[in-house]
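Trainee: Encoded as structure tokens, here's the structure I'll be asking about.
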There are 2 protein chains.
Amino acid sequence: MAGVRIRDVAQHAGVSVGTVSNVLNRPGDVSPDSVERVNRAIEQLGYVRNDAARKLRAGVSTTVGFVVLDGQNPFFTDVVRGAEDEASSHNLAILYGNTDEDVARERMYLDLFEEQQVRGVLISPYGDIHSRLERLRARGIPAVLVDRFSGDGRFSSVSVDSVAGGRMAVEHLIGTGRRRIAFVGGPFDMQQVRDRLAGARVAAENAATPVEIEVLATEAPTVEAGVVAGARILARPRGDRPDALFAANDLVALGLLQALVVDGRMLVPDEIAIIGFDDIPFAGAAAVPLSSMRQPSRMIGRTALRILLEETADPDLIRRQTVFLPELVVRRSTASTAAGASASATPGAIRGR
Amino acid sequence: MAGVRIRDVAQHAGVSVGTVSNVLNRPGDVSPDSVERVNRAIEQLGYVRNDAARKLRAGVSTTVGFVVLDGQNPFFTDVVRGAEDEASSHNLAILYGNTDEDVARERMYLDLFEEQQVRGVLISPYGDIHSRLERLRARGIPAVLVDRFSGDGRFSSVSVDSVAGGRMAVEHLIGTGRRRIAFVGGPFDMQQVRDRLAGARVAAENAATPVEIEVLATEAPTVEAGVVAGARILARPRGDRPDALFAANDLVALGLLQALVVDGRMLVPDEIAIIGFDDIPFAGAAAVPLSSMRQPSRMIGRTALRILLEETADPDLIRRQTVFLPELVVRRSTASTAAGASASATPGAIRGR
DNA sequence: GATACTGTATGGAACGTTTCACTCGCGGTC
DNA sequence: GACCGCGAGTGAAACGTTCCATACAGTATC
């Protein structure tokens, strides 16, 4: 179809096929004169390297797979963006797969990527795929876990310290005077969800005055699930409601926010505070600007890809867990009740008429 | 590296290499008995097809490229999701590239995808790449434009009628009693931006009472640019401000919304109405829930991929432009001044205390 | 009984690159 | 002047599939 092969270039430039290949891959080993002639021929004929043949013979791939848990989540699109930046600087393309928390899809993409013989796989895992990843590695395809700590150290990982994040979030809530705190999120087979709750509990236990953490499980960490959970909270008698919500991520928090309106009156932050996790770009633009735990998402992507490349270069490289610390970003959704009046002074705060 | 090749499978199953290949590709042509034996051997040996070799020989690729203008924009992540769904049902993987409105990146990804010999390319173009795409097509790689109408019909395209959308948006604004309308967006070398403005002008001209459309150009269709534009509007004396803003997309609209707060008082919708475009999931969760023109984003992705596959099957297929009509979604950000009091009855509306 | 046909299965060529063992010329060294 | 080493280039094998021409056995047709 394409028509112009390396052989044509060689002929046109008056050199052998091998020399053209050398120009392409190790220009230093070829005389400047030949390099020049070959490059001109490539230019003139519009030659484009056939990656399939290259991959077949050299066994080296120019693509990296990225299996993402939730591609709609701005946090992940940021992570992907970081990985993409790093990848493009190495002339790699990204094979992208969105699992939407579906084990079957996850497996499908890993199969697909294995057939493709990608250079490596970045994955924010959902199901238990350790053995699947081991098999990939046995075939020379390393994997790096993204947004998940690899507890047993079998794989390198890049993540944020969710336990610390959970602790910081709840410490902040307690610091603003909240005492009846609920954790809203799920499913609990997601490591991050468990960790954030665990951190929350640590903060609760360490508090000077006793604090209880109630758990409101959601089916998924999505806006819709947040809305549902918010409605359930509203359905309770007033005195029985929590006075602060720690959402497993910003999507859930945004859903809660949407739901917590009674008779046109927004309960946040005066009756109920909300803090999310991720600090997605939309958190600050929400109905009530959302406090959140910021993750260095692009950096996570970049770092993960870099580690992946190091492991492709040396498969026996010792695994390492990279953990970033999240950063508390305070906005109006956790303004303390006492300071409620002064909240209107907060930039970007919204006071109704 | 992988180790187990089709030859091993053949040996293990006691058939020839050709037969295994037939089982893999045309199981109907092989006796049930052989199919069974081969499949068992594949299972036992853990054989995985080498896609590079397959692609090299058969000349058929199992990946599709998707070059996206702005991967952070939820509209595009939705479109990608739609394409991905369709792709995975054909056992295709998506090579993903985010150009971020950068001509160099755009070209880089097209080069990369050409080397990869993808089955086809889905692209929301930024620069002028018609000739580049023609060349791809000449090499057997068709392309379908996404979110952009192909005026000259050289390529198939899937998009939303931006002119109609712009018209509907401004008609709505006029219907709520606004008269001094500004269009906020840019850059104007983006087709969609131009079209939306053109539609807005049509609505303004058709209005019973004369309406002026002011144009506030932004550098990019982003939240940040929206914030900047909003600040510029605020800087004007009150009487000189528009009473309605039509933003080129929801990101810009969200930025405007963030900026339009004076002394803690939100000017939207009472003094200034805002309507966006795309109806991204976060539009409804914004500070003031955002009216917007909804695009069937997933459907756009699905459709584009389907058309692409049809064109790979028959390259001489006549090009076609698929255009969806956007849908007006009214929320609080365009509540009419007169009806302002009743706005609190709108579900999800937020009234301050 | 010869012929044609059908359903299966086979072996080997071909896809376009990379890589490796090799050749060739040339200048330097003993 | 024989030998060595080196830089530059060559030619052919190999990567793991797919596909095609072919073979073969069995059955239907005349």
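Residues in the structure tokens are numbered from 1 in each chain, the chains being A, B, ... in the order shown, and ligands are numbered from 1 in the order shown.
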Name all residues at most 6 Å from stretch 11-28 of chain C (count only C-alpha atoms (C1' of nucleotides); drop same-chain ones fewer than 3 positions away) and give them as a PDB file with N, CA, C and O atoms, in the first residue's frame.
Mentor:
```pdb
ATOM      1  N   ALA A  53       7.367  -3.991  10.836  1.00  0.00           N
ATOM      2  CA  ALA A  53       8.556  -4.758  10.474  1.00  0.00           C
ATOM      3  C   ALA A  53       9.674  -4.506  11.469  1.00  0.00           C
ATOM      4  O   ALA A  53      10.373  -5.408  11.911  1.00  0.00           O
ATOM      5  N   ARG A  54       9.798  -3.251  11.830  1.00  0.00           N
ATOM      6  CA  ARG A  54      10.811  -2.870  12.800  1.00  0.00           C
ATOM      7  C   ARG A  54      10.617  -3.600  14.119  1.00  0.00           C
ATOM      8  O   ARG A  54      11.536  -4.195  14.676  1.00  0.00           O
ATOM      9  N   ARG A  57      11.342  -7.429  13.817  1.00  0.00           N
ATOM     10  CA  ARG A  57      12.735  -7.828  13.770  1.00  0.00           C
ATOM     11  C   ARG A  57      13.495  -7.393  15.025  1.00  0.00           C
ATOM     12  O   ARG A  57      14.160  -8.179  15.677  1.00  0.00           O
ATOM     13  N   ALA A  58      13.353  -6.139  15.371  1.00  0.00           N
ATOM     14  CA  ALA A  58      14.151  -5.616  16.476  1.00  0.00           C
ATOM     15  C   ALA A  58      13.548  -5.971  17.826  1.00  0.00           C
ATOM     16  O   ALA A  58      14.211  -5.888  18.854  1.00  0.00           O
TER      17      ALA A  58
ATOM     18  N   LEU B  56       2.580  -6.997   9.739  1.00  0.00           N
ATOM     19  CA  LEU B  56       3.548  -6.942   8.647  1.00  0.00           C
ATOM     20  C   LEU B  56       3.075  -7.751   7.455  1.00  0.00           C
ATOM     21  O   LEU B  56       3.061  -7.284   6.323  1.00  0.00           O
ATOM     22  N   ARG B  57       2.681  -8.964   7.743  1.00  0.00           N
ATOM     23  CA  ARG B  57       2.310  -9.836   6.639  1.00  0.00           C
ATOM     24  C   ARG B  57       0.930  -9.500   6.084  1.00  0.00           C
ATOM     25  O   ARG B  57       0.754  -9.304   4.888  1.00  0.00           O
TER      26      ARG B  57
END
```
Trainee: As a ChimeraX atom specification, which residues of stretch 57-182 of chain A does DSSP assign to strand (DSSP E)?
Mentor: /A:63-68,93-98,121-123,143-146,156-160,180-182
Trainee: What does the file look like for those residues with C-alpha atoms, as a PDB file, in the first residue's frame?
Mentor:
```pdb
ATOM      1  CA  THR A  63       4.071   2.194  22.117  1.00  0.00           C
ATOM      2  CA  VAL A  64       3.241   2.162  25.774  1.00  0.00           C
ATOM      3  CA  GLY A  65      -0.086   0.995  27.108  1.00  0.00           C
ATOM      4  CA  PHE A  66      -2.014   2.961  29.667  1.00  0.00           C
ATOM      5  CA  VAL A  67      -4.977   1.299  31.307  1.00  0.00           C
ATOM      6  CA  VAL A  68      -7.044   3.844  33.150  1.00  0.00           C
ATOM      7  CA  ALA A  93       2.809   6.734  21.409  1.00  0.00           C
ATOM      8  CA  ILE A  94       0.259   5.810  24.032  1.00  0.00           C
ATOM      9  CA  LEU A  95      -2.205   3.004  23.623  1.00  0.00           C
ATOM     10  CA  TYR A  96      -5.110   4.066  25.720  1.00  0.00           C
ATOM     11  CA  GLY A  97      -7.682   1.933  27.447  1.00  0.00           C
ATOM     12  CA  ASN A  98     -10.429   2.934  29.811  1.00  0.00           C
ATOM     13  CA  VAL A 121       2.141  -0.898  30.706  1.00  0.00           C
ATOM     14  CA  LEU A 122       1.010   1.866  32.993  1.00  0.00           C
ATOM     15  CA  ILE A 123      -2.057   0.855  34.880  1.00  0.00           C
ATOM     16  CA  ALA A 143       4.296  -2.617  34.349  1.00  0.00           C
ATOM     17  CA  VAL A 144       4.103   0.298  36.708  1.00  0.00           C
ATOM     18  CA  LEU A 145       1.106   0.822  38.939  1.00  0.00           C
ATOM     19  CA  VAL A 146      -0.355   4.289  38.890  1.00  0.00           C
ATOM     20  CA  SER A 156       6.983  -0.298  40.963  1.00  0.00           C
ATOM     21  CA  SER A 157       4.294   2.208  41.649  1.00  0.00           C
ATOM     22  CA  VAL A 158       3.622   5.897  41.690  1.00  0.00           C
ATOM     23  CA  SER A 159       0.915   7.155  43.937  1.00  0.00           C
ATOM     24  CA  VAL A 160      -0.111   9.611  46.541  1.00  0.00           C
ATOM     25  CA  ARG A 180     -19.721  14.139  63.401  1.00  0.00           C
ATOM     26  CA  ILE A 181     -17.841  13.204  60.309  1.00  0.00           C
ATOM     27  CA  ALA A 182     -18.930  10.847  57.573  1.00  0.00           C
TER      28      ALA A 182
END
```
Trainee: Identify which of the residues B:Ala225, B:Leu112, B:Ile6, B:Ala247 lies closest to chain A, counting only C-alpha atoms when measuring atom-to-atom distances.
Mentor: B:Leu112
Trainee: So that I can check the surroundings of B:Gly59, please list as a list of chain:residue names every protein, DNA and RNA residue that reaches within 12 Å of it, counting only C-alpha atoms (C1' of nucleotides) and ignoring chain neighbours fewer than 5 positions away.
Mentor: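 Those residues are A:Met1, A:Ala2, A:Asn50, A:Asp51, A:Ala52, A:Ala53, B:Asp51, B:Ala52, B:Ala53, B:Arg54, B:Gln116, B:Gln117, B:Val118, B:Arg119, B:Arg139, B:Gly140, B:Ile141, C:DA14, C:DC15, C:DG16, D:DT17, D:DT18, D:DC19.
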Trainee: Show me, as a PyMOL selection string, the residues that have an atom within 12 Å of D:DA25 when counting only C-alpha atoms (C1' of nucleotides), minus same-chain residues fewer than 6 positions from it.
Mentor: chain C and resi 6-9
Trainee: Write out as a PyMOL selection string all residues of stretch 133-222 of chain B that backbone DSSP assigns to helix (DSSP H, G or I).
Mentor: chain B and resi 133-138+162-175+191-206
Trainee: Any idea what the distance is between atom CA of A:Ala335 and atom CA of A:Asp243?
Mentor: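 Going from atom CA of A:Ala335 over to atom CA of A:Asp243 covers 12.0 Å.
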Trainee: Counting only C-alpha atoms, which residue out of A:Arg298, A:Arg196, A:Arg148, A:Arg7 sits closest to chain B?
Mentor: A:Arg298
Trainee: Env of A:Leu308: 7 Å cut, atoms = only C-alpha atoms (C1' of nucleotides), seq-sep filter 2 positions within chain, self excluded. Answer as number ranges by chain.
Mentor: A: 120, 142-144, 304-306, 310-312
Trainee: Hey, can you spit out that residue selection with all heavy atoms as a PDB file, in the first residue's frame?
Mentor:
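Saved file part.pdb follows:
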```
ATOM      1  N   GLY A 120       5.719  -1.280  27.538  1.00  0.00           N
ATOM      2  CA  GLY A 120       5.411  -1.438  28.950  1.00  0.00           C
ATOM      3  C   GLY A 120       3.988  -0.987  29.195  1.00  0.00           C
ATOM      4  O   GLY A 120       3.340  -0.456  28.293  1.00  0.00           O
ATOM      5  N   PRO A 142       7.235  -4.779  31.158  1.00  0.00           N
ATOM      6  CA  PRO A 142       7.123  -4.357  32.544  1.00  0.00           C
ATOM      7  C   PRO A 142       5.851  -3.538  32.765  1.00  0.00           C
ATOM      8  O   PRO A 142       5.242  -3.052  31.813  1.00  0.00           O
ATOM      9  CB  PRO A 142       8.363  -3.485  32.753  1.00  0.00           C
ATOM     10  CG  PRO A 142       8.681  -2.956  31.414  1.00  0.00           C
ATOM     11  CD  PRO A 142       8.226  -3.986  30.420  1.00  0.00           C
ATOM     12  N   ALA A 143       5.487  -3.398  34.014  1.00  0.00           N
ATOM     13  CA  ALA A 143       4.296  -2.617  34.349  1.00  0.00           C
ATOM     14  C   ALA A 143       4.584  -1.745  35.554  1.00  0.00           C
ATOM     15  O   ALA A 143       5.353  -2.131  36.436  1.00  0.00           O
ATOM     16  CB  ALA A 143       3.113  -3.545  34.637  1.00  0.00           C
ATOM     17  N   VAL A 144       3.999  -0.586  35.545  1.00  0.00           N
ATOM     18  CA  VAL A 144       4.103   0.298  36.708  1.00  0.00           C
ATOM     19  C   VAL A 144       2.691   0.658  37.146  1.00  0.00           C
ATOM     20  O   VAL A 144       1.855   1.042  36.323  1.00  0.00           O
ATOM     21  CB  VAL A 144       4.897   1.574  36.367  1.00  0.00           C
ATOM     22  CG1 VAL A 144       4.798   2.586  37.500  1.00  0.00           C
ATOM     23  CG2 VAL A 144       6.349   1.249  36.075  1.00  0.00           C
ATOM     24  N   ALA A 304       5.690   8.009  36.426  1.00  0.00           N
ATOM     25  CA  ALA A 304       5.375   6.608  36.158  1.00  0.00           C
ATOM     26  C   ALA A 304       5.988   6.183  34.828  1.00  0.00           C
ATOM     27  O   ALA A 304       6.602   5.114  34.725  1.00  0.00           O
ATOM     28  CB  ALA A 304       3.862   6.404  36.138  1.00  0.00           C
ATOM     29  N   LEU A 305       5.860   7.021  33.829  1.00  0.00           N
ATOM     30  CA  LEU A 305       6.404   6.646  32.537  1.00  0.00           C
ATOM     31  C   LEU A 305       7.927   6.561  32.590  1.00  0.00           C
ATOM     32  O   LEU A 305       8.538   5.672  31.991  1.00  0.00           O
ATOM     33  CB  LEU A 305       5.981   7.617  31.440  1.00  0.00           C
ATOM     34  CG  LEU A 305       6.287   7.005  30.073  1.00  0.00           C
ATOM     35  CD1 LEU A 305       5.334   5.867  29.806  1.00  0.00           C
ATOM     36  CD2 LEU A 305       6.228   8.013  28.966  1.00  0.00           C
ATOM     37  N   ARG A 306       8.516   7.461  33.322  1.00  0.00           N
ATOM     38  CA  ARG A 306       9.970   7.456  33.412  1.00  0.00           C
ATOM     39  C   ARG A 306      10.459   6.161  34.055  1.00  0.00           C
ATOM     40  O   ARG A 306      11.387   5.516  33.561  1.00  0.00           O
ATOM     41  CB  ARG A 306      10.428   8.649  34.252  1.00  0.00           C
ATOM     42  CG  ARG A 306      11.347   9.553  33.499  1.00  0.00           C
ATOM     43  CD  ARG A 306      11.691  10.757  34.315  1.00  0.00           C
ATOM     44  NE  ARG A 306      11.153  11.972  33.741  1.00  0.00           N
ATOM     45  CZ  ARG A 306      10.964  13.104  34.412  1.00  0.00           C
ATOM     46  NH1 ARG A 306      11.236  13.164  35.686  1.00  0.00           N
ATOM     47  NH2 ARG A 306      10.484  14.158  33.791  1.00  0.00           N
ATOM     48  N   GLU A 310      12.825   3.085  32.576  1.00  0.00           N
ATOM     49  CA  GLU A 310      14.016   2.566  33.247  1.00  0.00           C
ATOM     50  C   GLU A 310      13.925   1.052  33.396  1.00  0.00           C
ATOM     51  O   GLU A 310      14.919   0.345  33.238  1.00  0.00           O
ATOM     52  CB  GLU A 310      14.165   3.216  34.624  1.00  0.00           C
ATOM     53  CG  GLU A 310      14.662   4.649  34.551  1.00  0.00           C
ATOM     54  CD  GLU A 310      14.605   5.341  35.912  1.00  0.00           C
ATOM     55  OE1 GLU A 310      14.585   4.646  36.944  1.00  0.00           O
ATOM     56  OE2 GLU A 310      14.555   6.587  35.931  1.00  0.00           O
ATOM     57  N   GLU A 311      12.761   0.572  33.684  1.00  0.00           N
ATOM     58  CA  GLU A 311      12.618  -0.874  33.857  1.00  0.00           C
ATOM     59  C   GLU A 311      12.690  -1.624  32.540  1.00  0.00           C
ATOM     60  O   GLU A 311      13.091  -2.788  32.517  1.00  0.00           O
ATOM     61  CB  GLU A 311      11.319  -1.201  34.594  1.00  0.00           C
ATOM     62  CG  GLU A 311      11.388  -0.810  36.052  1.00  0.00           C
ATOM     63  CD  GLU A 311      10.354  -1.521  36.914  1.00  0.00           C
ATOM     64  OE1 GLU A 311       9.679  -2.437  36.416  1.00  0.00           O
ATOM     65  OE2 GLU A 311      10.223  -1.145  38.088  1.00  0.00           O
ATOM     66  N   THR A 312      12.299  -0.987  31.462  1.00  0.00           N
ATOM     67  CA  THR A 312      12.466  -1.675  30.180  1.00  0.00           C
ATOM     68  C   THR A 312      13.947  -1.782  29.854  1.00  0.00           C
ATOM     69  O   THR A 312      14.389  -2.760  29.274  1.00  0.00           O
ATOM     70  CB  THR A 312      11.766  -0.945  29.018  1.00  0.00           C
ATOM     71  OG1 THR A 312      12.227   0.400  28.985  1.00  0.00           O
ATOM     72  CG2 THR A 312      10.270  -0.950  29.195  1.00  0.00           C
TER      73      THR A 312
END
```
Trainee: Using only C-alpha atoms (C1' of nucleotides) and a distance of at most 12 Å, pull out the residues of chain A that contact chain D, as a ChimeraX atom specification.
Mentor: /A:10,14-23,28-35,52-60
Trainee: What is the atom CA of A:Arg194 to atom CA of A:Ala283 distance in Å?
Mentor: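 Here the two named atoms are 22.1 Å from each other.
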Trainee: Residues within 8 Å of A:Pro326, please, as an mmCIF file with C-alpha atoms, in the first residue's frame. Count only C-alpha atoms (C1' of nucleotides); anything in the same chain fewer than 4 positions from it doesn't count.
Mentor:
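In the end it all went to result25.cif:
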```
data_model
loop_
_atom_site.group_PDB
_atom_site.id
_atom_site.type_symbol
_atom_site.label_atom_id
_atom_site.label_comp_id
_atom_site.auth_asym_id
_atom_site.auth_seq_id
_atom_site.Cartn_x
_atom_site.Cartn_y
_atom_site.Cartn_z
ATOM 1 C CA VAL A 160 -0.111 9.611 46.541
ATOM 2 C CA ASP A 161 -0.127 8.762 50.198
ATOM 3 C CA SER A 162 -3.840 8.283 50.554
ATOM 4 C CA ALA A 164 -1.825 10.697 54.953
ATOM 5 C CA GLY A 165 -4.252 12.518 52.686
ATOM 6 C CA MET A 293 -6.580 17.200 48.742
ATOM 7 C CA ARG A 294 -4.491 18.102 45.740
ATOM 8 C CA GLN A 295 -2.537 15.409 43.950
ATOM 9 C CA PRO A 296 0.344 16.269 41.632
#
```
Trainee: Taking 2 positions as the minimum chain separation for residues in the same chain, which residues sit within 7 Å of A:Pro187 when counting only C-alpha atoms (C1' of nucleotides)? Answer as a list in words.
Mentor: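 Contacts, in chain order: Gly185, Asp189, Met190, Thr218, Glu219 and Ala220 of chain A.
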